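Trainee: Have a peek at input-v1.csv (CSV, C-alpha atoms).
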```csv
chain,number,residue,atom,x,y,z
E,7,MET,CA,65.6,22.7,98.3
E,8,LEU,CA,63.0,20.0,97.7
E,9,LEU,CA,60.2,19.1,100.1
E,10,ASP,CA,59.1,15.4,100.2
E,11,ARG,CA,60.2,14.9,96.6
E,12,SER,CA,63.4,14.2,94.7
E,13,LEU,CA,64.2,15.1,91.1
E,14,GLY,CA,66.6,12.6,89.6
E,15,ASP,CA,69.1,15.0,88.0
E,16,VAL,CA,68.7,18.0,90.4
E,17,ASP,CA,71.3,18.3,93.3
E,18,ALA,CA,69.3,19.8,96.1
E,19,ASP,CA,68.6,19.3,99.8
E,20,VAL,CA,65.6,17.1,100.4
E,21,VAL,CA,63.5,17.1,103.5
E,22,GLY,CA,60.6,14.7,104.0
E,23,LEU,CA,59.2,11.4,105.3
E,24,ASP,CA,61.4,8.3,105.6
E,25,ASN,CA,59.2,6.4,103.1
E,26,ALA,CA,60.8,3.0,103.4
E,27,SER,CA,60.5,3.0,107.2
E,28,ALA,CA,56.9,4.2,106.9
E,29,ILE,CA,56.0,1.3,104.6
E,30,ASP,CA,57.9,-1.1,106.9
E,31,LEU,CA,55.9,0.3,110.0
E,32,ALA,CA,52.6,-0.1,108.1
E,33,ILE,CA,53.2,-3.7,107.0
E,34,GLU,CA,54.5,-4.7,110.5
E,35,HIS,CA,51.4,-3.3,112.1
E,36,LEU,CA,49.1,-5.0,109.7
E,37,VAL,CA,51.0,-8.3,110.2
E,38,GLU,CA,50.7,-8.0,114.0
E,39,GLN,CA,47.0,-7.5,113.6
E,40,GLY,CA,46.7,-10.8,111.6
E,41,TYR,CA,46.4,-9.5,108.0
E,42,ARG,CA,48.1,-11.6,105.5
E,43,HIS,CA,46.8,-10.4,102.1
E,44,MET,CA,47.5,-6.8,101.3
E,45,LEU,CA,46.7,-4.3,98.5
E,46,PHE,CA,48.7,-1.1,98.2
E,47,VAL,CA,46.6,1.7,96.6
E,48,SER,CA,48.3,4.7,95.1
E,49,GLU,CA,47.8,7.4,92.6
E,50,PRO,CA,50.1,6.9,89.6
E,51,PRO,CA,53.7,7.3,90.8
E,52,GLN,CA,55.0,9.2,87.8
E,53,GLY,CA,56.1,12.7,88.8
E,54,ALA,CA,56.1,12.0,92.6
E,55,SER,CA,59.2,10.3,93.9
E,56,SER,CA,57.6,9.6,97.3
E,57,ARG,CA,54.8,7.6,95.6
E,58,GLN,CA,57.4,5.6,93.7
E,59,LEU,CA,59.5,5.0,96.8
E,60,ARG,CA,56.5,3.8,98.8
E,61,LEU,CA,55.3,1.5,95.9
E,62,ASP,CA,58.9,0.0,95.5
E,63,ARG,CA,59.2,-0.6,99.2
E,64,PHE,CA,55.9,-2.3,99.4
E,65,HIS,CA,57.0,-4.7,96.7
E,66,GLN,CA,60.3,-5.3,98.3
E,67,ARG,CA,58.8,-6.1,101.7
E,68,LEU,CA,56.3,-8.6,100.2
E,69,ALA,CA,59.1,-10.3,98.4
E,70,GLN,CA,60.9,-10.7,101.7
E,71,MET,CA,57.9,-12.1,103.6
E,72,PRO,CA,56.7,-15.3,102.0
E,73,GLU,CA,53.8,-15.6,104.5
E,74,LEU,CA,52.2,-12.5,102.8
E,75,THR,CA,50.5,-12.1,99.5
E,76,GLY,CA,49.7,-8.8,97.9
E,77,ASP,CA,49.3,-6.6,95.0
E,78,ALA,CA,49.3,-2.9,94.1
E,79,THR,CA,47.1,-0.7,92.1
E,80,CYS,CA,47.8,2.8,90.9
E,81,LEU,CA,44.7,4.8,89.8
E,82,PRO,CA,44.0,8.5,89.3
E,83,MET,CA,41.7,9.1,92.3
E,84,GLN,CA,39.6,12.0,91.0
E,85,ARG,CA,38.4,10.4,87.8
E,86,ASP,CA,36.5,7.2,88.1
E,87,ALA,CA,35.3,6.0,91.5
E,88,ALA,CA,33.8,3.0,89.7
E,89,GLU,CA,37.2,1.7,88.7
E,90,LEU,CA,38.4,1.9,92.2
E,91,ARG,CA,35.3,0.2,93.6
E,92,GLN,CA,35.7,-2.5,91.0
E,93,ARG,CA,39.4,-3.1,91.9
E,94,LEU,CA,38.6,-3.1,95.6
E,95,GLY,CA,35.6,-5.5,95.1
E,96,SER,CA,37.9,-7.9,93.2
E,97,PHE,CA,40.5,-7.7,96.0
E,98,LEU,CA,37.8,-8.4,98.7
E,99,ALA,CA,36.3,-11.3,96.7
E,100,GLY,CA,39.6,-12.9,95.8
E,101,GLU,CA,40.3,-16.6,96.3
E,102,ALA,CA,42.9,-16.2,99.1
E,103,GLN,CA,41.3,-16.9,102.5
E,104,ALA,CA,43.8,-14.7,104.4
E,105,PRO,CA,42.6,-11.7,106.2
E,106,ARG,CA,42.8,-8.7,103.9
E,107,ALA,CA,44.1,-5.2,104.4
E,108,ILE,CA,44.5,-2.1,102.2
E,109,LEU,CA,47.4,0.3,102.6
E,110,CYS,CA,46.8,3.7,101.1
E,111,ALA,CA,49.7,5.8,99.8
E,112,ASN,CA,48.4,9.2,101.1
E,113,GLY,CA,45.5,11.0,102.6
E,114,ASN,CA,43.7,11.6,99.3
E,115,VAL,CA,43.8,7.9,98.5
E,116,THR,CA,42.7,7.0,102.0
E,117,LEU,CA,39.6,9.1,101.6
E,118,GLN,CA,38.7,7.6,98.2
E,119,VAL,CA,39.3,4.0,99.4
E,120,ALA,CA,37.2,4.7,102.6
E,121,LEU,CA,34.3,5.9,100.4
E,122,ALA,CA,34.7,3.0,98.0
E,123,LEU,CA,34.7,0.5,100.9
E,124,ASN,CA,31.6,2.1,102.3
E,125,ALA,CA,29.9,1.7,99.0
E,126,LEU,CA,30.9,-1.9,98.9
E,127,HIS,CA,29.5,-2.4,102.5
E,128,ALA,CA,32.9,-3.6,103.7
E,129,ARG,CA,33.4,-3.6,107.5
E,130,LEU,CA,36.5,-1.8,108.6
E,131,GLY,CA,38.6,-4.0,110.8
E,132,GLU,CA,37.3,-7.1,109.1
E,133,THR,CA,38.9,-5.5,106.1
E,134,GLY,CA,42.0,-3.6,107.4
E,135,LEU,CA,42.5,0.0,106.2
E,136,LEU,CA,45.7,2.0,106.9
E,137,GLY,CA,46.6,5.3,105.4
E,138,ILE,CA,49.7,7.4,105.2
E,139,ASP,CA,48.9,10.9,106.4
E,140,GLU,CA,46.9,11.8,109.5
E,141,LEU,CA,43.9,13.9,108.6
E,142,ASP,CA,41.3,15.2,111.0
E,143,TRP,CA,38.5,13.1,109.6
E,144,CYS,CA,40.4,9.8,110.0
E,145,ALA,CA,39.5,9.7,113.7
E,146,LEU,CA,35.8,10.2,112.9
E,147,ALA,CA,35.2,7.7,110.1
E,148,GLY,CA,33.7,4.4,111.2
E,149,PRO,CA,35.7,2.9,114.0
E,150,GLY,CA,38.5,5.4,113.1
E,151,ILE,CA,41.1,4.8,110.4
E,152,THR,CA,44.6,3.8,111.4
E,153,THR,CA,47.2,6.2,110.0
E,154,LEU,CA,50.8,7.0,109.8
E,155,ALA,CA,51.2,10.6,110.8
E,156,GLN,CA,54.0,12.6,109.2
E,157,PRO,CA,55.8,15.0,111.5
E,158,THR,CA,54.8,18.0,109.3
E,159,GLU,CA,56.0,20.6,111.8
E,160,ALA,CA,59.5,19.0,112.1
E,161,ILE,CA,59.7,18.7,108.3
E,162,GLY,CA,58.7,22.3,107.9
E,163,ARG,CA,61.2,23.5,110.5
E,164,ALA,CA,64.0,21.4,108.9
E,165,THR,CA,63.2,22.9,105.5
E,166,VAL,CA,63.4,26.5,106.7
E,167,GLU,CA,66.7,25.7,108.6
E,168,SER,CA,68.2,24.1,105.5
E,169,LEU,CA,67.2,27.1,103.4
E,170,MET,CA,68.7,29.5,106.0
E,171,GLN,CA,72.0,27.4,106.1
E,172,ARG,CA,72.1,27.5,102.3
E,173,LEU,CA,72.1,31.3,102.4
E,174,GLU,CA,75.4,31.3,104.4
E,175,PRO,CA,78.6,31.3,102.3
E,176,MET,CA,79.7,27.9,103.6
E,177,GLY,CA,76.2,26.5,103.1
E,178,ARG,CA,76.3,27.2,99.4
E,179,GLN,CA,79.3,25.0,99.0
E,180,ALA,CA,78.1,22.0,101.1
E,181,PRO,CA,76.9,18.9,99.2
E,182,PRO,CA,73.2,18.2,99.1
E,183,ARG,CA,71.7,16.7,102.3
E,184,ARG,CA,68.8,14.4,102.7
E,185,THR,CA,66.8,14.8,106.0
E,186,GLU,CA,64.1,12.1,106.6
E,187,TYR,CA,61.7,11.8,109.5
E,188,ALA,CA,60.0,8.8,110.9
E,189,ALA,CA,56.2,8.4,110.7
E,190,ARG,CA,54.2,7.8,113.9
E,191,LEU,CA,51.6,5.0,113.9
E,192,ILE,CA,48.1,6.0,115.2
E,193,ALA,CA,46.3,2.7,115.6
E,194,ARG,CA,42.5,2.8,115.4
E,195,GLY,CA,39.6,0.4,114.8
E,196,SER,CA,40.2,0.1,111.0
E,197,THR,CA,43.0,-2.4,111.7
E,198,GLN,CA,41.6,-4.2,114.7
E,199,ARG,CA,40.3,-7.6,113.9
```
Taking this structure as input, can you express it in the form of structure tokens?

Mentor:
Amino acid sequence: MLLDRSLGDVDADVVGLDNASAIDLAIEHLVEQGYRHMLFVSEPPQGASSRQLRLDRFHQRLAQMPELTGDATCLPMQRDAAELRQRLGSFLAGEAQAPRAILCANGNVTLQVALALNALHARLGETGLLGIDELDWCALAGPGITTLAQPTEAIGRATVESLMQRLEPMGRQAPPRRTEYAARLIARGSTQR
């Protein structure tokens, strides 16, 4: 049983977020709000299949949407805030005139990006900010940070149900199952232009 992660050579049930649909929902929301230049920020994807899936889907969607430009950066978030500030500063000062938005791969990244944007005196909304994971502080920061909430209770229940089914004799013989849940958009001021 794997929770929100896959291991390439391990046959196991997987329960988690539908990462492709989450990235699609995020990009669609940002486009609807008028953002045309996007930066995807993540921790390094090695060792976390959900990070890699989100990064891959971001690149796929940008390739499908010629009206958008974008890039991705993968940095360890706990080490060097200066490197993140430098990367965000370059993104904000870039030549493209299109409205800019930052899509954060998870709650930890959202916090670090919000802190870096604050240090750079960037105005949320003028610069869009959307994070995957709904954390309590997101409603309190600036005009509120738009998030994609994961249905953690449903994911937890499905995980326990899957484990219980695997304890039954017939459950041990069943092929691995993948159960994915959709994210829910919580729009706030950080993506209102």

Trainee: Using only C-alpha atoms for the distances, tell me which of E:Leu31, E:Ala145, E:Leu130, E:Ala189 is nearest to Leu98 in chain E.

Mentor: E:Leu130

Trainee: Which of these, E:Leu117, E:Ile161, E:Ala125, E:Ile33, has the shortest distance to Asp142 in chain E once you count only C-alpha atoms?

Mentor: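 The shortest atom-to-atom distance to Asp142 in chain E comes from E:Leu117.
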
Trainee: Could you give me, as a tab-separated table, every range 23-56 of chain E residue with an atom at most 12 Å from range 149-159 of chain E, plus its closest atom pair and distance in Å to one decimal, counting all atoms listed in the file, rows ordered by chain then number?

Mentor:
```
residue	atom	partner	partner_atom	distance
E:Leu23	CA	E:Gln156	CA	6.6
E:Asp24	CA	E:Gln156	CA	9.3
E:Asn25	CA	E:Gln156	CA	10.1
E:Ser27	CA	E:Leu154	CA	10.8
E:Ala28	CA	E:Leu154	CA	7.3
E:Ile29	CA	E:Leu154	CA	9.3
E:Asp30	CA	E:Leu154	CA	11.2
E:Leu31	CA	E:Leu154	CA	8.4
E:Ala32	CA	E:Leu154	CA	7.5
E:Ile33	CA	E:Leu154	CA	11.3
E:His35	CA	E:Thr152	CA	9.9
E:Leu36	CA	E:Thr152	CA	10.0
E:Gln39	CA	E:Thr152	CA	11.8
```

Trainee: Would you write out those residues with C-alpha atoms, as a short mmCIF file (atom, residue, chain, number, x, y, z; two decimals), in the frame of the given file?

Mentor:
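Dumped everything to selection-v7.cif:
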```
data_model
loop_
_atom_site.label_atom_id
_atom_site.label_comp_id
_atom_site.auth_asym_id
_atom_site.auth_seq_id
_atom_site.Cartn_x
_atom_site.Cartn_y
_atom_site.Cartn_z
CA LEU E 23 59.20 11.40 105.30
CA ASP E 24 61.40 8.30 105.60
CA ASN E 25 59.20 6.40 103.10
CA SER E 27 60.50 3.00 107.20
CA ALA E 28 56.90 4.20 106.90
CA ILE E 29 56.00 1.30 104.60
CA ASP E 30 57.90 -1.10 106.90
CA LEU E 31 55.90 0.30 110.00
CA ALA E 32 52.60 -0.10 108.10
CA ILE E 33 53.20 -3.70 107.00
CA HIS E 35 51.40 -3.30 112.10
CA LEU E 36 49.10 -5.00 109.70
CA GLN E 39 47.00 -7.50 113.60
#
```

Trainee: Could you work out how far CA of Leu146 in chain E lies from CA of Arg91 in chain E, giving the answer in Å with one decimal?

Mentor: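 Going from CA of Arg91 in chain E over to CA of Leu146 in chain E, I get 21.7 Å.
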
Trainee: Using only C-alpha atoms, which residue out of E:Gln84, E:Val20, E:Val119, E:Phe46 lies closest to Arg67 in chain E?

Mentor: E:Phe46

Trainee: Just want the 7 Å neighbourhood of range 131-140 of chain E, counted on all atoms listed in the file, with same-chain residues fewer than 6 positions away dropped. Output as a ChimeraX atom specification.

Mentor: /E:106-113,116,151-156,195-199

Trainee: So which one's closest to Ala160 in chain E, E:Ala147, E:Asp62, E:Ala87, E:Thr185? Using only C-alpha atoms, please.

Mentor: E:Thr185

Trainee: Between CA of Thr75 in chain E and CA of Leu141 in chain E, what is the distance in Å, rounded to a tenth?

Mentor: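 CA of Thr75 in chain E sits 28.3 Å away from CA of Leu141 in chain E.
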
Trainee: Take every atom of range 95-105 of chain E listed in the file, pad by 8 Å on each side, and give me the axis-aligned box centre and edge lengths in Å, one decimal, as lines of an AutoDock Vina configuration file.

Mentor:
```
center_x = 39.7
center_y = -11.2
center_z = 99.7
size_x = 24.2
size_y = 27.4
size_z = 29.0
```

Trainee: With only C-alpha atoms as the counted atoms, please give the residues lying no more than 12 Å from Ala180 in chain E, apart from itself and same-chain residues fewer than 6 positions off, as a count of residues only.

Mentor: 8

Trainee: Taking into account all atoms listed in the file, which residue in the set E:Ala69, E:Leu74, E:Leu123, E:Ala104 is nearest to Leu90 in chain E?

Mentor: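 Of the candidates, the smallest distance to Leu90 in chain E is held by E:Leu123.
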
Trainee: Quick one, how far is CA of Pro105 in chain E from CA of Cys144 in chain E?

Mentor: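 Answer for the CA of Pro105 in chain E to CA of Cys144 in chain E separation: 21.9 Å.
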
Trainee: What residues have an atom no more than 7 Å from (36.2, 5.9, 92.3) in the file's own frame, counting all atoms listed in the file, and can you write them as a PDB file with C-alpha atoms, keeping the file's coordinate frame?

Mentor:
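This is the output file point-v5.pdb:
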```
ATOM      1  CA  MET E  83      41.700   9.100  92.300  1.00  0.00           C
ATOM      2  CA  ARG E  85      38.400  10.400  87.800  1.00  0.00           C
ATOM      3  CA  ASP E  86      36.500   7.200  88.100  1.00  0.00           C
ATOM      4  CA  ALA E  87      35.300   6.000  91.500  1.00  0.00           C
ATOM      5  CA  ALA E  88      33.800   3.000  89.700  1.00  0.00           C
ATOM      6  CA  GLU E  89      37.200   1.700  88.700  1.00  0.00           C
ATOM      7  CA  LEU E  90      38.400   1.900  92.200  1.00  0.00           C
ATOM      8  CA  ARG E  91      35.300   0.200  93.600  1.00  0.00           C
ATOM      9  CA  GLN E 118      38.700   7.600  98.200  1.00  0.00           C
ATOM     10  CA  ALA E 122      34.700   3.000  98.000  1.00  0.00           C
TER      11      ALA E 122
END
```

Trainee: Considering all atoms listed in the file, can you say which of E:Ala26, E:Leu81, E:Met71, E:Leu59 comes closest to Val47 in chain E?

Mentor: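 Closest to Val47 in chain E, using all atoms listed in the file: E:Leu81.
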
Trainee: Which polymer residues have any atom within 12 Å of an atom of Pro72 in chain E, counting all atoms listed in the file, with same-chain residues fewer than 5 positions away left out, as a ChimeraX atom specification?

Mentor: /E:42-43,65-67
